[in-house]
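Trainee: For reference, this is my_file.txt, and it has compact mmCIF, C-alpha atoms.
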# COMPACT_ATOMS: atom_id res chain seq x y z
CA MET A 30 -40.73 -8.65 -11.18
CA PHE A 31 -40.91 -9.54 -7.47
CA ASN A 32 -39.40 -12.97 -8.19
CA LEU A 33 -36.50 -11.27 -9.95
CA LEU A 34 -36.05 -8.89 -7.02
CA ARG A 35 -35.92 -11.83 -4.60
CA ARG A 36 -33.36 -13.51 -6.85
CA LEU A 37 -31.17 -10.40 -6.81
CA MET A 38 -31.37 -10.17 -3.03
CA ALA A 39 -30.35 -13.81 -2.63
CA ARG A 40 -27.58 -13.53 -5.21
CA HIS A 41 -25.95 -10.38 -3.85
CA ALA A 42 -26.77 -10.73 -0.14
CA PHE A 43 -23.27 -11.71 1.04
CA PHE A 44 -21.50 -9.10 -1.11
CA LEU A 45 -23.80 -6.31 0.04
CA LEU A 46 -23.77 -7.27 3.73
CA PHE A 47 -19.98 -7.47 3.64
CA SER A 48 -19.77 -4.03 2.02
CA LEU A 49 -22.21 -2.52 4.52
CA ALA A 50 -20.29 -3.92 7.48
CA LEU A 51 -16.92 -2.87 6.05
CA LEU A 52 -17.90 0.73 5.31
CA GLY A 53 -19.71 1.22 8.61
CA GLY A 54 -16.90 -0.48 10.51
CA PHE A 55 -14.24 1.58 8.73
CA GLN A 56 -15.88 4.87 9.68
CA TYR A 57 -16.36 3.62 13.25
CA LEU A 58 -12.68 2.63 13.53
CA ILE A 59 -11.57 6.05 12.30
CA CYS A 60 -13.49 7.57 15.20
CA ALA A 61 -11.79 5.09 17.55
CA ALA A 62 -8.35 5.98 16.18
CA VAL A 63 -8.95 9.71 16.46
CA SER A 64 -10.14 9.39 20.06
CA SER A 65 -7.35 7.10 21.30
CA VAL A 66 -4.30 8.44 19.46
CA ASN A 67 -3.07 11.95 18.81
CA VAL A 68 -3.64 11.53 15.10
CA SER A 69 -3.43 15.25 14.44
CA GLY A 70 -0.01 15.40 16.09
CA ALA A 71 1.25 12.39 14.16
CA ILE A 72 0.12 13.85 10.86
CA GLU A 73 1.66 17.21 11.71
CA GLU A 74 5.02 15.52 12.31
CA LEU A 75 4.70 13.75 8.98
CA MET A 76 3.81 16.97 7.20
CA LYS A 77 6.93 18.70 8.54
CA ASN A 78 9.01 16.50 6.25
CA LEU A 79 7.11 17.58 3.14
CA PRO A 80 8.00 20.58 0.95
CA PRO A 81 6.10 23.74 2.03
CA LEU A 82 3.83 23.86 -1.04
CA THR A 83 2.93 20.18 -0.84
CA ARG A 84 2.38 20.46 2.92
CA SER A 85 -0.04 23.33 2.47
CA LEU A 86 -1.97 21.68 -0.35
CA VAL A 87 -2.23 18.24 1.25
CA GLY A 88 -3.21 19.65 4.63
CA GLU A 89 -5.93 21.84 3.21
CA GLN A 90 -7.33 19.49 0.58
CA PHE A 91 -7.18 16.14 2.39
CA PHE A 92 -7.10 16.80 6.13
CA SER A 93 -8.90 20.16 6.28
CA GLY A 94 -6.38 21.91 8.48
CA LEU A 95 -5.54 18.73 10.49
CA THR A 96 -8.52 19.13 12.83
CA THR A 97 -10.37 16.17 14.32
CA ARG A 98 -13.42 16.93 12.19
CA GLY A 99 -11.19 17.27 9.13
CA ILE A 100 -9.63 13.85 9.71
CA LEU A 101 -13.06 12.25 10.17
CA ALA A 102 -14.18 13.91 6.94
CA PHE A 103 -11.09 12.52 5.23
CA GLY A 104 -12.30 9.07 6.22
CA TRP A 105 -15.13 9.60 3.75
CA ASN A 106 -12.68 10.61 1.04
CA HIS A 107 -10.35 7.72 1.81
CA PRO A 108 -9.71 5.29 -1.09
CA ILE A 109 -11.22 2.44 0.95
CA ALA A 110 -14.55 4.23 1.41
CA LEU A 111 -14.64 5.32 -2.22
CA ALA A 112 -13.65 1.87 -3.48
CA LEU A 113 -16.45 0.17 -1.52
CA GLY A 114 -19.15 2.41 -2.95
CA THR A 115 -17.69 2.21 -6.44
CA ALA A 116 -17.45 -1.57 -6.26
CA VAL A 117 -21.10 -1.96 -5.32
CA GLY A 118 -22.28 0.32 -8.12
CA ILE A 119 -20.03 -1.21 -10.79
CA VAL A 120 -20.53 -4.86 -9.86
CA LEU A 121 -24.34 -4.57 -9.78
CA ALA A 122 -24.36 -2.83 -13.17
CA ALA A 123 -21.90 -5.20 -14.82
CA ARG A 124 -23.81 -8.29 -13.72
CA ALA A 125 -27.23 -6.86 -14.56
CA ILE A 126 -26.96 -7.30 -18.32
CA ALA A 127 -23.50 -8.30 -19.57
CA GLY A 128 -23.09 -10.79 -16.73
CA GLU A 129 -26.48 -12.40 -17.33
CA ILE A 130 -25.80 -12.64 -21.05
CA GLU A 131 -22.44 -14.25 -20.32
CA SER A 132 -24.06 -16.86 -18.07
CA GLY A 133 -26.92 -17.47 -20.51
CA VAL A 134 -29.56 -16.62 -17.91
CA LEU A 135 -30.90 -13.46 -19.54
CA GLU A 136 -32.50 -15.29 -22.47
CA LEU A 137 -34.24 -17.64 -20.04
CA LEU A 138 -35.50 -14.78 -17.88
CA LEU A 139 -36.83 -12.80 -20.83
CA SER A 140 -38.61 -15.89 -22.18
CA GLN A 141 -40.85 -15.58 -19.13
CA PRO A 142 -43.72 -13.03 -18.95
CA LEU A 143 -41.23 -10.32 -18.06
CA SER A 144 -40.64 -7.31 -20.30
CA ARG A 145 -37.20 -5.87 -20.89
CA MET A 146 -38.17 -2.64 -19.18
CA SER A 147 -39.43 -4.47 -16.10
CA TYR A 148 -36.17 -6.39 -15.99
CA PHE A 149 -34.12 -3.19 -16.38
CA LEU A 150 -36.13 -1.23 -13.81
CA THR A 151 -35.91 -4.06 -11.28
CA HIS A 152 -32.12 -4.11 -11.49
CA THR A 153 -31.95 -0.32 -11.29
CA THR A 154 -34.29 -0.19 -8.29
CA PHE A 155 -32.30 -2.86 -6.51
CA ALA A 156 -29.03 -0.99 -7.14
CA ILE A 157 -30.47 2.33 -5.93
CA PHE A 158 -31.76 0.68 -2.77
CA SER A 159 -28.42 -1.06 -2.17
CA LEU A 160 -26.42 2.16 -2.58
CA ALA A 161 -28.83 4.05 -0.31
CA VAL A 162 -28.45 1.45 2.45
CA LEU A 163 -24.67 1.48 1.98
CA SER A 164 -24.61 5.26 2.41
CA VAL A 165 -26.73 5.08 5.56
CA SER A 166 -24.50 2.32 6.94
CA GLY A 167 -21.40 4.48 6.58
CA VAL A 168 -23.07 7.49 8.19
CA ALA A 169 -24.27 5.27 11.02
CA GLY A 170 -20.68 4.14 11.60
CA THR A 171 -19.56 7.76 11.94
CA PHE A 172 -22.48 8.70 14.18
CA ILE A 173 -22.10 5.71 16.50
CA GLY A 174 -18.33 6.13 16.64
CA GLN A 175 -18.63 9.77 17.70
CA GLU A 176 -21.17 8.85 20.39
CA VAL A 177 -19.17 5.91 21.75
CA PHE A 178 -15.81 7.68 21.85
CA GLY A 179 -17.08 11.05 23.03
CA LEU A 180 -16.16 13.03 19.94
CA GLU A 181 -17.91 16.24 18.99
CA PRO A 182 -20.83 15.04 16.84
CA PHE A 183 -21.56 16.29 13.39
CA GLU A 184 -24.93 17.94 12.84
CA ALA A 185 -27.65 15.56 11.71
CA GLY A 186 -28.25 17.70 8.62
CA ALA A 187 -24.57 17.50 7.66
CA LEU A 188 -24.58 13.71 7.94
CA LEU A 189 -27.70 13.50 5.78
CA LYS A 190 -26.07 15.74 3.16
CA LEU A 191 -22.97 13.57 3.23
CA ALA A 192 -25.03 10.42 2.73
CA LEU A 193 -26.82 12.05 -0.22
CA ASN A 194 -23.55 13.18 -1.82
CA PHE A 195 -21.98 9.72 -1.36
CA PHE A 196 -25.12 8.06 -2.69
CA LEU A 197 -25.32 10.22 -5.83
CA LEU A 198 -21.63 9.77 -6.65
CA HIS A 199 -21.97 6.01 -6.69
CA CYS A 200 -25.31 6.09 -8.47
CA ALA A 201 -23.37 7.86 -11.22
CA TRP A 202 -20.83 5.02 -11.32
CA PHE A 203 -23.67 2.51 -11.49
CA ALA A 204 -25.33 4.40 -14.34
CA LEU A 205 -22.09 4.80 -16.31
CA THR A 206 -21.28 1.11 -15.94
CA MET A 207 -24.84 0.22 -16.92
CA ALA A 208 -24.25 2.16 -20.15
CA PHE A 209 -21.20 -0.07 -20.74
CA SER A 210 -23.09 -3.20 -19.73
CA VAL A 211 -25.78 -2.81 -22.40
CA PHE A 212 -23.04 -3.12 -25.04
CA GLY A 213 -21.11 -5.94 -23.41
CA ARG A 214 -21.36 -9.69 -23.16
CA GLU A 215 -18.83 -10.31 -20.38
CA SER A 216 -19.17 -8.84 -16.92
CA GLY A 217 -15.40 -8.89 -16.39
CA ARG A 218 -14.72 -6.54 -19.26
CA VAL A 219 -17.55 -4.22 -18.29
CA SER A 220 -16.35 -4.09 -14.68
CA THR A 221 -12.82 -3.35 -15.82
CA ALA A 222 -14.04 -0.48 -17.99
CA GLY A 223 -16.05 0.96 -15.10
CA PHE A 224 -13.17 0.71 -12.64
CA LEU A 225 -10.73 2.28 -15.09
CA VAL A 226 -13.02 5.27 -15.61
CA ALA A 227 -13.44 5.63 -11.83
CA LEU A 228 -9.68 5.39 -11.31
CA VAL A 229 -8.97 8.02 -13.94
CA SER A 230 -11.57 10.28 -12.34
CA TYR A 231 -9.92 9.91 -8.92
CA VAL A 232 -6.41 10.52 -10.28
CA VAL A 233 -7.59 13.59 -12.21
CA GLN A 234 -9.12 15.01 -9.03
CA VAL A 235 -5.94 14.45 -7.01
CA ILE A 236 -3.72 15.98 -9.69
CA GLY A 237 -6.08 18.91 -10.16
CA LYS A 238 -6.00 19.70 -6.44
CA LEU A 239 -2.29 19.23 -5.87
CA TRP A 240 -1.12 20.94 -9.06
CA PRO A 241 -2.80 24.34 -9.58
CA SER A 242 -1.89 24.38 -13.28
CA SER A 243 -4.10 21.31 -13.75
CA ALA A 244 -7.12 22.73 -11.92
CA PHE A 245 -8.95 23.07 -15.25
CA LEU A 246 -9.31 19.27 -15.25
CA LEU A 247 -11.39 19.16 -12.06
CA PRO A 248 -14.83 19.65 -13.71
CA TYR A 249 -14.15 16.50 -15.76
CA SER A 250 -13.79 14.33 -12.65
CA LEU A 251 -16.90 13.00 -10.95
CA HIS A 252 -14.98 12.90 -7.68
CA SER A 253 -14.74 16.69 -7.83
CA TYR A 254 -18.49 16.82 -7.20
CA TYR A 255 -18.10 14.88 -3.95
CA SER A 256 -16.76 16.87 -1.00
CA PRO A 257 -17.04 15.46 2.54
CA GLN A 258 -14.73 18.21 3.81
CA ALA A 259 -17.05 20.98 2.62
CA ILE A 260 -20.08 19.26 4.12
CA LEU A 261 -18.69 18.12 7.47
CA VAL A 262 -16.07 20.77 8.21
CA GLU A 263 -17.30 23.91 6.46
CA ASN A 264 -20.98 22.89 6.77
CA THR A 265 -21.67 23.97 3.19
CA MET A 266 -22.92 22.10 0.19
CA GLU A 267 -23.85 23.72 -3.09
CA GLY A 268 -26.65 22.34 -5.20
CA LYS A 269 -24.61 22.26 -8.41
CA PRO A 270 -22.47 19.18 -7.53
CA LEU A 271 -25.57 17.21 -6.58
CA LEU A 272 -27.33 18.31 -9.75
CA VAL A 273 -24.37 17.26 -11.90
CA LEU A 274 -24.21 13.79 -10.31
CA PHE A 275 -27.97 13.34 -10.54
CA SER A 276 -28.01 14.47 -14.18
CA ILE A 277 -25.23 12.07 -15.16
CA SER A 278 -27.03 9.23 -13.41
CA LEU A 279 -30.30 10.06 -15.12
CA ILE A 280 -28.83 10.52 -18.59
CA CYS A 281 -26.71 7.35 -18.49
CA THR A 282 -29.56 5.27 -17.08
CA GLY A 283 -31.94 6.59 -19.73
CA PHE A 284 -29.45 5.83 -22.49
CA ALA A 285 -28.84 2.34 -21.10
CA ALA A 286 -32.59 1.64 -21.00
CA TRP A 287 -32.99 2.86 -24.60
CA ARG A 288 -30.09 0.72 -25.81
CA PHE A 289 -31.20 -2.36 -23.86
CA ARG A 290 -34.59 -2.32 -25.56
CA ARG A 291 -32.88 -2.50 -28.99
CA ARG A 292 -29.89 -4.78 -28.53
CA ASP A 293 -29.70 -8.44 -29.51
CA ILE A 294 -29.42 -10.77 -26.56
CA PRO A 295 -27.73 -13.90 -28.02
Represent the structure contained in this file as structure tokens.

Mentor:
Amino acid sequence: MFNLLRRLMARHAFFLLFSLALLGGFQYLICAAVSSVNVSGAIEELMKNLPPLTRSLVGEQFFSGLTTRGILAFGWNHPIALALGTAVGIVLAARAIAGEIESGVLELLLSQPLSRMSYFLTHTTFAIFSLAVLSVSGVAGTFIGQEVFGLEPFEAGALLKLALNFFLLHCAWFALTMAFSVFGRESGRVSTAGFLVALVSYVVQVIGKLWPSSAFLLPYSLHSYYSPQAILVENTMEGKPLLVLFSISLICTGFAAWRFRRRDIP
């Protein structure tokens, strides 16, 4: 089990380090931009050219009233930040089973004194650890950026809640993709399926927020259970969204483990 864990660390080291640096650096640069440029004023000028309804909805949902804190919170809801976390979760899940079957390595690994459950739990543990470190890296970027550029800091509790919310969202994407991976034999197809589901979820959330008639779709989007604005700007976070994300992660991981024990490897 420890040999497998070392192999995973060596295999994914560059990808994970790059993702950590990119997310942390992205959040840091947003702080730099907010401190050096009148971002609020620029966005307000842009919003003046939008229809009144769209201006109201976009300002409230994505920039939280165009405040500095709201723009920093939007950095956590930005497609780049979401894509990084989603990529880590999906890639690790797709390669865990389908990818190793595709390369022919899984049969060799399981011919060693290593049970299927030990193999599965090692991959899951490694993914959870990787996503936790990624979440902390992003929060560290925000914290350091606020300190360096003299911005009003977020409360430590709010940053911890944000990290937890970000972490659970992408644990859910890992678990869902793992459920696809235990049926697949090619990591490319499994990754594509995972990214398509994540993309649909994001689009559903955007449509549900911008078009009131479609608000009934929001509970069906995992992104609806992730709200940096509520945590960082309103300083509120209900337990239900976290419970939903945790439950999905647990159910999909449990199903994937059950299926992996029964599937044929060749």

Trainee: In terms of the shortest atom-to-atom distance over all atoms listed in the file, which of A:Gly283, A:Pro257, A:Pro270, A:Gly174 is closest to A:His107?

Mentor: A:Pro257

Trainee: Just want the 12 Å neighbourhood of A:Thr265, counted on only C-alpha atoms, with same-chain residues fewer than 6 positions away dropped. Output as a list of chain:residue names.

Mentor: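 These residues fall inside the cut-off: A:Glu184, A:Gly186, A:Ala187, A:Leu188, A:Lys190, A:Leu191, A:Ser256, A:Pro257, A:Gln258, A:Ala259.
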
Trainee: Box for stretch 56-63 of chain A - axis-aligned, 3 Å on each of the six sides, all listed atoms - centre and size in Å to one decimal, as lines of an AutoDock Vina configuration file.

Mentor:
center_x = -12.4
center_y = 6.2
center_z = 13.6
size_x = 14.0
size_y = 13.1
size_z = 13.9

Trainee: Please report the interatomic distance between atom CA of A:Ser64 and atom CA of A:Leu180 in Å with one decimal.

Mentor: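 Atom CA of A:Ser64 sits 7.0 Å away from atom CA of A:Leu180.
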
Trainee: In Å, how far is it from atom CA of A:Gly53 to atom CA of A:His252?

Mentor: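 Going from atom CA of A:Gly53 over to atom CA of A:His252, I get 20.6 Å.
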
Trainee: Between A:Ala192, A:Val165, A:Phe149, A:His199, which has the minimum distance to A:Trp287 (counting all atoms listed in the file)?

Mentor: A:Phe149

Trainee: Please indicate the distance in Å from atom CA of A:Ser159 to atom CA of A:Leu45, rounded to one decimal place.

Mentor: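 Atom-to-atom, atom CA of A:Ser159 to atom CA of A:Leu45, that is 7.3 Å.
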
Trainee: Which of these, A:Ala156, A:Ala102, A:Leu225, A:Leu239, has the shortest distance to A:Glu263 once you count all atoms listed in the file?

Mentor: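 Closest to A:Glu263, using all atoms listed in the file: A:Ala102.
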
Trainee: Using only C-alpha atoms, which of the listed residues (A:Asn194, A:Thr151, A:Thr221, A:Ser242) sits closest to A:Arg36?

Mentor: A:Thr151

Trainee: Restricting the calculation to all atoms listed in the file: of A:Ser276, A:Thr206, A:Asn32, A:Thr153, which residue gets closest to A:Ala127?

Mentor: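 Selected residue with least distance to A:Ala127: A:Thr206.
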
Trainee: Between A:Trp240, A:Phe172, A:Phe55, A:Phe224, which is the closest to A:Phe103 once you count all atoms listed in the file?

Mentor: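 Under the stated criterion, the closest residue is A:Phe55.
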
Trainee: Please, can stretch 151-172 of chain A be completed to N, CA and C atoms and returned as a PDB file, keeping the file's coordinate frame?

Mentor:
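Listing of out_24.pdb after writing:
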ATOM      1  N   THR A 151     -36.117  -3.284 -12.497  1.00  0.00           N
ATOM      2  CA  THR A 151     -35.910  -4.060 -11.280  1.00  0.00           C
ATOM      3  C   THR A 151     -34.448  -3.995 -10.849  1.00  0.00           C
ATOM      4  N   HIS A 152     -33.545  -4.183 -11.796  1.00  0.00           N
ATOM      5  CA  HIS A 152     -32.120  -4.110 -11.490  1.00  0.00           C
ATOM      6  C   HIS A 152     -31.732  -2.708 -11.021  1.00  0.00           C
ATOM      7  N   THR A 153     -32.276  -1.703 -11.670  1.00  0.00           N
ATOM      8  CA  THR A 153     -31.950  -0.320 -11.290  1.00  0.00           C
ATOM      9  C   THR A 153     -32.478  -0.001  -9.901  1.00  0.00           C
ATOM     10  N   THR A 154     -33.704  -0.420  -9.615  1.00  0.00           N
ATOM     11  CA  THR A 154     -34.290  -0.190  -8.290  1.00  0.00           C
ATOM     12  C   THR A 154     -33.489  -0.882  -7.206  1.00  0.00           C
ATOM     13  N   PHE A 155     -33.087  -2.109  -7.488  1.00  0.00           N
ATOM     14  CA  PHE A 155     -32.300  -2.860  -6.510  1.00  0.00           C
ATOM     15  C   PHE A 155     -30.958  -2.172  -6.244  1.00  0.00           C
ATOM     16  N   ALA A 156     -30.322  -1.669  -7.299  1.00  0.00           N
ATOM     17  CA  ALA A 156     -29.030  -0.990  -7.140  1.00  0.00           C
ATOM     18  C   ALA A 156     -29.191   0.305  -6.346  1.00  0.00           C
ATOM     19  N   ILE A 157     -30.225   1.070  -6.658  1.00  0.00           N
ATOM     20  CA  ILE A 157     -30.470   2.330  -5.930  1.00  0.00           C
ATOM     21  C   ILE A 157     -30.696   2.052  -4.452  1.00  0.00           C
ATOM     22  N   PHE A 158     -31.504   1.050  -4.165  1.00  0.00           N
ATOM     23  CA  PHE A 158     -31.760   0.680  -2.770  1.00  0.00           C
ATOM     24  C   PHE A 158     -30.465   0.245  -2.075  1.00  0.00           C
ATOM     25  N   SER A 159     -29.667  -0.560  -2.756  1.00  0.00           N
ATOM     26  CA  SER A 159     -28.420  -1.060  -2.170  1.00  0.00           C
ATOM     27  C   SER A 159     -27.458   0.084  -1.870  1.00  0.00           C
ATOM     28  N   LEU A 160     -27.325   1.030  -2.787  1.00  0.00           N
ATOM     29  CA  LEU A 160     -26.420   2.160  -2.580  1.00  0.00           C
ATOM     30  C   LEU A 160     -26.943   3.091  -1.480  1.00  0.00           C
ATOM     31  N   ALA A 161     -28.259   3.224  -1.372  1.00  0.00           N
ATOM     32  CA  ALA A 161     -28.830   4.050  -0.310  1.00  0.00           C
ATOM     33  C   ALA A 161     -28.546   3.435   1.059  1.00  0.00           C
ATOM     34  N   VAL A 162     -28.724   2.126   1.175  1.00  0.00           N
ATOM     35  CA  VAL A 162     -28.450   1.450   2.450  1.00  0.00           C
ATOM     36  C   VAL A 162     -26.963   1.513   2.782  1.00  0.00           C
ATOM     37  N   LEU A 163     -26.114   1.381   1.757  1.00  0.00           N
ATOM     38  CA  LEU A 163     -24.670   1.480   1.980  1.00  0.00           C
ATOM     39  C   LEU A 163     -24.302   2.861   2.527  1.00  0.00           C
ATOM     40  N   SER A 164     -24.883   3.893   1.958  1.00  0.00           N
ATOM     41  CA  SER A 164     -24.610   5.260   2.410  1.00  0.00           C
ATOM     42  C   SER A 164     -25.046   5.458   3.857  1.00  0.00           C
ATOM     43  N   VAL A 165     -26.218   4.969   4.184  1.00  0.00           N
ATOM     44  CA  VAL A 165     -26.730   5.080   5.560  1.00  0.00           C
ATOM     45  C   VAL A 165     -25.849   4.290   6.526  1.00  0.00           C
ATOM     46  N   SER A 166     -25.358   3.136   6.088  1.00  0.00           N
ATOM     47  CA  SER A 166     -24.500   2.320   6.940  1.00  0.00           C
ATOM     48  C   SER A 166     -23.216   3.063   7.294  1.00  0.00           C
ATOM     49  N   GLY A 167     -22.618   3.726   6.308  1.00  0.00           N
ATOM     50  CA  GLY A 167     -21.400   4.480   6.580  1.00  0.00           C
ATOM     51  C   GLY A 167     -21.636   5.627   7.534  1.00  0.00           C
ATOM     52  N   VAL A 168     -22.720   6.369   7.311  1.00  0.00           N
ATOM     53  CA  VAL A 168     -23.070   7.490   8.190  1.00  0.00           C
ATOM     54  C   VAL A 168     -23.343   6.990   9.608  1.00  0.00           C
ATOM     55  N   ALA A 169     -23.999   5.845   9.701  1.00  0.00           N
ATOM     56  CA  ALA A 169     -24.270   5.270  11.020  1.00  0.00           C
ATOM     57  C   ALA A 169     -22.976   4.930  11.743  1.00  0.00           C
ATOM     58  N   GLY A 170     -21.972   4.439  10.997  1.00  0.00           N
ATOM     59  CA  GLY A 170     -20.680   4.140  11.600  1.00  0.00           C
ATOM     60  C   GLY A 170     -20.033   5.386  12.182  1.00  0.00           C
ATOM     61  N   THR A 171     -20.110   6.504  11.439  1.00  0.00           N
ATOM     62  CA  THR A 171     -19.560   7.760  11.940  1.00  0.00           C
ATOM     63  C   THR A 171     -20.325   8.253  13.160  1.00  0.00           C
ATOM     64  N   PHE A 172     -21.642   8.212  13.080  1.00  0.00           N
ATOM     65  CA  PHE A 172     -22.480   8.700  14.180  1.00  0.00           C
ATOM     66  C   PHE A 172     -22.255   7.893  15.455  1.00  0.00           C
TER      67      PHE A 172
END
